[in-house]
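Novice: Sharing a structure, written as structure tokens. Questions coming.
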Amino acid sequence: MRFSQLYVPTLKETPAEAEVVSHKLLLRAGMIRKLTAGLYTYLPCALRVLKKIEAIVRSEMDRAGFQEVLLPVVQPGDLWKETGRWEHYGKELLRFKDRNDRDYCLGPTHEEVMTDLVRGEVRSYRQLPLRLYQLHTKFRDEIRPRFGLMRGREFIMKDGYSYDASVADAEKSYQLMHDAYHRIFMRLGLRFRAVEADTGSIGGNFSHEFMVLADAGEDTIAFCHNCQFAANVERAEVVEQEVLEGVVCPAAQAVPTPNAHTVEEIANLLQVPTTKVVKTMILTADGKNVAVLVRGDHEVNLIKVQRLLGAESVDLASPDVVEAATKAPVGFAGPCGLDLPIYADFALKGQNDYVTGGNAKDTHLMHVDLNRDAKITAYGDLRNITTQDPCPRCGGQISLAKGIEVGHIFMLGQKYSTAMHATFLNEEGVEKDMIMGCYGIGISRILAAAIEQNHDEHGIVFPPQIAPFNCILLNLDVVNPEVTAKVEEIYKLLCDMGVEVLLDDRDERAGVKFKDADLLGIPIQLVLGKKSLAKGIIEASDRQSKVKVELPIADFVKSYTDYQSQIWVNWSTQSSSL
RNA sequence: CGGGAUGUGGCUCAGUUUGGCUAGAGCGCAGCGUUCGGGACGCUGAGGCCGCGCGUUCAAAUCGCGCCAUCCCGACCA
């Protein structure tokens with residue numbers, strides 16, 4: 001491919017709309033353009049990368065025994081009514097009606113349609129397991145699309161579904177995908193981690209997320225240095241610590257705390273550590289209000305609260321609810337005398353002499369003993385894990401890291417098969433519901449995640465496995481006939497070798513070519529100009545390390561082949577699952 | 001949906017506070033010339049219903065009201 005022919009409108013300046021690195025670089029590198037909020041057009045370079053990602057995903061899915069199909073994007077509302085998700089999925093489901101006034105939606109995921117396909121044909125355990133997948137476009141009307149391709153409304157996804165006759169078989173399907181995902185992310189050249197995850201709205205029994213490690217990640221993962229434990233903080237359980245003896249606690253005493261709202265402000269004002277302050281949050285769970293208590297230096301985990309209460313939804317209560325419950329403005333809630341069910345985190349249990357809100361304007365209570373002065377409904381694991389907590393499996397040291405969720409696998413169980421009557425006859429001739437699993441990979445998100453993880457001040461640093469081209473050949477002297485003739489010769493040679501080469505044949509200054517080559521993130525830069533031609537060499541440089549070597553023109557085929565394979569090997573040793 | 005911000009040539013932004021006469025700069029684009037190994041320089045030129053609507057005024061990019069769009073922070077998720 002010739003640069004002069006390629007539609008890559010690179011930009012010197014970053015469009016104001018972009019905030020995160022991947023979004024900025026995708027725009028600057030001429031890979032994507034925004035159509036409207038959350039909807040992006042992929043230009044040739046981006047599409048080349050996406051196709052490489054898809055090819056790796058496809059080959060590993062096929063290898064795992066999954067068969068590719070392609071389902072419609074538009075789905076009938078009736079199917080969603082069968083599983084109850086027409087009511088429960090929420091506004092992310094874009095709904096509309098056809099000319100006959102029938103309900104339809106754009107597919108945000110395809111459990112219903114895939115299961116409809118399977119239930120129509122499968123009658124016997126002999127036809128199971130059935131493992132299918134597809135690669136196509138999903139639409140979710142996100143509340144807030146952001147970060148370019150990281151959270152678009154329309155995106156490319158690989159979604160796979162398994163149908164098994166028994167739980168044991170379903171677990172095999174799940175493990176097959178777990179292993180395949182490992183191979184996929186290794187082959188993509190990324191640093192990633194599989195973590196235990198919450199199942200969220202998809203539902204099911206258990207799940208793992210595959211996280212690309214990057215500072216811009218929206219998720220926090222906790223992992224152990226000593227054992228294999230790794231989990232999304234949403235999910236990571238906190239083990240209850242040994243109960244410590246409480247000190248002798250004086251009687252509770254109200255103190256004025258004007259202008260102090262946050263835990264830090266209270267702690268400073270009253271000269272106590274934040275660990276001795278109790279955070280009281282009023283939550284609304286399925287329409288009922290409850291109070292949740294955590295230590296001042298801890299964060300409430302709403303998913304854990306939801307699980308403890310067995311609630312469908314849990315949210316922070318609105319200010320008027322808080323004011324009605326505490327008879328005070330927001331910021332002064334406390335457990336003493338509060339007429340609500342009160343759930344407290346384990347960490348508060350063993351100690352006393354706390355500072356809490358006073359349920360009155362500008363007032364807090366000191367010397368609170370929760371067991372003496374408040375009525376705690378129950379203690380439980382209600383907060384996010386911290387680096388101070390021991391590993392819940394082995395007691396080892398916990399670390400936290402940011403990650404971008406690029407894959408998620410779920411053991412669904414019979415949630416959908418039961419609702420949709422996806423049944424089969426077993427060996428005994430008894431009708432059973434199939435056991436399902438579903439397995440997603442965000443293809444277009446991987447493009448963004450790869451850039452978040454691999455970039456520098458000059459631009460993108462693509463892993464060679466997914467780079468839009470294997471190398472870029474810079475003609476530094478397009479007006480010089482000898483140089484140009486030699487460049488053309490090398491270009492043809494590379495094409496004949498099957499190397500995906502981008503020839504920068506533009507009549508531009510050297511600096512422009514170097515800048516664009518860096519920006520695009522092509523792993524290998526080959527440079528030929530008057531100087532190098534005189535020496536009989538081509539300069540090659542590694543986009544990642546910036547290390548330059550000289551390849552003799554005389555022995556170009558072999559020296560290039562060795563060089564490229566070295567670059568690839570370097571990358572594959574970097575990709576890891578930690 | 002709540003909170004914050006921004007809308008001015010293709011891109012980045014100035015001008016808006018204190019209304020004023022042909023609306024500016026840099027980049028990019030077209031032409032000519034000089035340059036040519038890390039985003040060159042000079043000259044010439046094209047390109048703007050100043051987000052949209054209504055209003056105030058002799059006069060609106062600038063003031064008021066309404067709407068729309070985009071971005072950021074929260075609840076969602078591949």
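We label chains A, B, ... in the order they appear in the structure tokens, count residues from 1 in each chain, and number ligands from 1 in the order shown.
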Which residues are near Gly65 of chain A? Cut-off 9 Å, only C-alpha atoms (C1' of nucleotides), ignore same chain within fewer than 4 positions. Put them as number ranges by chain.
Specialist: A: 60-61, 131-132, 176
Novice: Hey, can you spit out that residue selection with C-alpha atoms as a compact mmCIF listing (two decimals), in the first residue's frame?
Specialist:
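Saved to part-v6.txt:
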# COMPACT_ATOMS: atom_id res chain seq x y z
CA GLU A 60 -9.25 -19.46 18.61
CA MET A 61 -13.04 -19.77 18.71
CA ARG A 131 -21.43 -24.13 20.74
CA LEU A 132 -22.00 -21.13 18.50
CA LEU A 176 -12.88 -24.11 26.94
Novice: With chain A as the partner and 7 Å as the cut-off, tabulate the residues of chain B that qualify, each row holding the nearest pair of atoms and their distance in Å to one decimal, using only C-alpha atoms (C1' of nucleotides), sorted by chain and rising number, as a tab-separated table.
Specialist:
residue	atom	partner	partner_atom	distance
B:C11	C1'	A:Glu13	CA	6.8
B:U12	C1'	A:Glu13	CA	6.3
B:C36	C1'	A:Arg509	CA	6.1
B:G37	C1'	A:Ala510	CA	6.0
B:G38	C1'	A:Gly511	CA	4.2
B:G39	C1'	A:Val512	CA	4.9
B:C71	C1'	A:Glu17	CA	5.6
B:C76	C1'	A:Ile143	CA	6.9
B:A78	C1'	A:Gly442	CA	4.0
Novice: Let's have the selection written as a JSON list (two decimals), in the first residue's frame, with C-alpha atoms (C1' of nucleotides).
Specialist:
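Resulting contents of part_31.json:
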[["chain", "number", "residue", "atom", "x", "y", "z"],
["B", 11, "C", "C1'", -8.43, 21.32, 12.97],
["B", 12, "U", "C1'", -6.60, 24.21, 17.50],
["B", 36, "C", "C1'", 14.81, 19.04, 1.93],
["B", 37, "G", "C1'", 17.34, 12.83, 7.51],
["B", 38, "G", "C1'", 12.58, 14.38, 12.90],
["B", 39, "G", "C1'", 5.86, 18.22, 11.77],
["B", 71, "C", "C1'", -17.35, 16.98, 26.14],
["B", 76, "C", "C1'", -24.39, 1.18, 33.08],
["B", 78, "A", "C1'", -17.87, -5.74, 25.77]]
Novice: List the neighbours of C65 of chain B out to 12 Å using only C-alpha atoms (C1' of nucleotides); skip same-chain residues closer than 5 positions along the sequence, and give me the result as a PDB file with C-alpha atoms (C1' of nucleotides), in the first residue's frame.
Specialist:
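Result file around-v6.pdb:
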ATOM      1  C1'   G B  53     -34.633  30.370  17.105  1.00  0.00           C
ATOM      2  C1'   C B  54     -36.927  34.500  19.284  1.00  0.00           C
ATOM      3  C1'   G B  55     -36.137  39.055  21.647  1.00  0.00           C
ATOM      4  C1'   U B  56     -33.538  43.901  23.386  1.00  0.00           C
TER       5        U B  56
END
Novice: Please extract the residues of segment 451-570 of chain A with a backbone DSSP assignment of helix (DSSP H, G or I) and present them as a PyMOL selection string.
Specialist: chain A and resi 451-453+481-496+510-520+530-535+553-570
Novice: Could those residues be written to a file, using C-alpha atoms, as a CSV table (one decimal), in the first residue's frame?
Specialist:
chain,number,residue,atom,x,y,z
A,451,ILE,CA,-3.6,1.8,22.5
A,452,GLU,CA,-4.3,2.7,26.1
A,453,GLN,CA,-1.8,0.1,27.1
A,481,PRO,CA,15.7,8.9,-9.0
A,482,GLU,CA,18.3,6.5,-7.6
A,483,VAL,CA,16.9,6.5,-4.1
A,484,THR,CA,13.4,6.2,-5.5
A,485,ALA,CA,14.3,3.3,-7.8
A,486,LYS,CA,15.9,1.4,-4.9
A,487,VAL,CA,12.9,2.1,-2.6
A,488,GLU,CA,10.6,0.8,-5.3
A,489,GLU,CA,12.7,-2.3,-5.6
A,490,ILE,CA,12.7,-2.9,-1.9
A,491,TYR,CA,8.9,-2.3,-1.8
A,492,LYS,CA,8.3,-4.9,-4.5
A,493,LEU,CA,10.5,-7.3,-2.7
A,494,LEU,CA,8.6,-6.9,0.6
A,495,CYS,CA,5.3,-7.3,-1.2
A,496,ASP,CA,6.6,-10.4,-2.8
A,510,ALA,CA,11.5,13.7,6.3
A,511,GLY,CA,10.2,15.1,9.6
A,512,VAL,CA,6.6,14.8,8.4
A,513,LYS,CA,7.1,11.1,7.4
A,514,PHE,CA,8.8,10.2,10.7
A,515,LYS,CA,6.0,11.9,12.7
A,516,ASP,CA,3.3,10.1,10.8
A,517,ALA,CA,5.1,6.7,11.0
A,518,ASP,CA,5.4,7.1,14.8
A,519,LEU,CA,1.8,8.3,15.2
A,520,LEU,CA,0.4,5.3,13.3
A,530,LYS,CA,20.7,9.3,0.0
A,531,LYS,CA,22.8,8.6,3.1
A,532,SER,CA,21.7,5.0,3.7
A,533,LEU,CA,21.8,4.2,-0.1
A,534,ALA,CA,25.5,5.4,-0.2
A,535,LYS,CA,26.2,3.0,2.7
A,553,ILE,CA,20.5,-4.1,1.0
A,554,ALA,CA,22.5,-6.9,-0.5
A,555,ASP,CA,21.0,-9.4,1.9
A,556,PHE,CA,17.8,-7.7,2.5
A,557,VAL,CA,15.3,-10.6,2.4
A,558,LYS,CA,17.1,-12.6,5.0
A,559,SER,CA,18.1,-9.7,7.3
A,560,TYR,CA,14.6,-8.3,7.2
A,561,THR,CA,12.9,-11.6,7.9
A,562,ASP,CA,15.2,-12.2,10.9
A,563,TYR,CA,14.6,-8.6,12.1
A,564,GLN,CA,10.8,-8.8,11.9
A,565,SER,CA,10.7,-12.2,13.6
A,566,GLN,CA,12.9,-10.8,16.4
A,567,ILE,CA,10.4,-7.9,16.9
A,568,TRP,CA,7.5,-10.3,17.1
A,569,VAL,CA,9.3,-12.5,19.5
A,570,ASN,CA,10.0,-9.5,21.7
Novice: For C13 of chain B, work out the shell of residues within 10 Å, counting only C-alpha atoms (C1' of nucleotides) and skipping chain neighbours fewer than 2 positions away, then give it as a list in words.
Specialist: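 After dropping sequence-adjacent residues, the list is U8, C11, A25 and G26 of chain B.
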Novice: Those selected residues, please, written with N, CA and C atoms (P, O5', C5', C4', C3', O3' and C1' of nucleotides) and delivered as a PDB file, in the first residue's frame.
Specialist:
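Output contents, as saved in part_22.pdb:
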ATOM      1  P     U B   8     -17.344  26.196  17.290  1.00  0.00           P
ATOM      2  O5'   U B   8     -17.384  27.743  16.901  1.00  0.00           O
ATOM      3  C5'   U B   8     -18.418  28.254  16.096  1.00  0.00           C
ATOM      4  C4'   U B   8     -17.944  29.490  15.400  1.00  0.00           C
ATOM      5  C3'   U B   8     -16.662  29.328  14.597  1.00  0.00           C
ATOM      6  O3'   U B   8     -16.929  28.775  13.317  1.00  0.00           O
ATOM      7  C1'   U B   8     -16.478  31.252  15.934  1.00  0.00           C
ATOM      8  P     C B  11     -13.640  21.010  12.100  1.00  0.00           P
ATOM      9  O5'   C B  11     -12.115  20.871  12.529  1.00  0.00           O
ATOM     10  C5'   C B  11     -11.569  19.602  12.884  1.00  0.00           C
ATOM     11  C4'   C B  11     -10.165  19.793  13.411  1.00  0.00           C
ATOM     12  C3'   C B  11     -10.043  20.760  14.582  1.00  0.00           C
ATOM     13  O3'   C B  11     -10.341  20.130  15.817  1.00  0.00           O
ATOM     14  C1'   C B  11      -8.431  21.319  12.973  1.00  0.00           C
ATOM     15  P     A B  25      -5.725  36.784   9.892  1.00  0.00           P
ATOM     16  O5'   A B  25      -4.893  36.003  11.000  1.00  0.00           O
ATOM     17  C5'   A B  25      -3.979  36.710  11.829  1.00  0.00           C
ATOM     18  C4'   A B  25      -3.465  35.805  12.905  1.00  0.00           C
ATOM     19  C3'   A B  25      -2.928  34.465  12.413  1.00  0.00           C
ATOM     20  O3'   A B  25      -1.605  34.584  11.945  1.00  0.00           O
ATOM     21  C1'   A B  25      -4.364  34.115  14.254  1.00  0.00           C
ATOM     22  P     G B  26      -1.118  33.656  10.748  1.00  0.00           P
ATOM     23  O5'   G B  26      -0.895  32.263  11.474  1.00  0.00           O
ATOM     24  C5'   G B  26       0.144  32.126  12.457  1.00  0.00           C
ATOM     25  C4'   G B  26       0.030  30.770  13.113  1.00  0.00           C
ATOM     26  C3'   G B  26      -0.076  29.591  12.142  1.00  0.00           C
ATOM     27  O3'   G B  26       1.184  29.187  11.651  1.00  0.00           O
ATOM     28  C1'   G B  26      -1.741  29.393  13.805  1.00  0.00           C
TER      29        G B  26
END
Novice: Go through A:Gln5, A:Gln241, A:Thr284, A:Ser318 and flag the residue nearest Lys349 of chain A, using only C-alpha atoms for the distances.
Specialist: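 Nearest candidate to Lys349 of chain A out of A:Gln5, A:Gln241, A:Thr284, A:Ser318: A:Gln241.
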Novice: Quick one: everything within 10 Å of segment 29-31 of chain B, counting only C-alpha atoms (C1' of nucleotides), minus sequence neighbours fewer than 2 positions away in the same chain. Send it as JSON, numbers by chain.
Specialist: {"B": [10, 44, 45, 46, 47]}
Novice: Using Å and a single decimal, report how far atom CA of Leu503 of chain A sits from atom CA of Pro44 of chain A.
Specialist: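 Calculated distance between atom CA of Pro44 of chain A and atom CA of Leu503 of chain A is 15.2 Å.
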Novice: As a ChimeraX atom specification, please: every residue in segment 227-437 of chain A that DSSP puts in strand (DSSP E or B).
Specialist: /A:230-232,253-256,277-285,288-295,300,314-316,342-345,354-357,363-368,378-380,383,390,397-413,423-425,431-433,435-437
Novice: What is the distance between atom CA of Ala333 of chain A and atom CA of Leu348 of chain A, in Å to one decimal?
Specialist: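 These two atoms are separated by 16.5 Å.
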Novice: Measure the distance from atom CA of Leu149 of chain A to atom C1' of G4 of chain B in Å and round it to one decimal.
Specialist: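 Calculated distance between atom CA of Leu149 of chain A and atom C1' of G4 of chain B is 23.4 Å.
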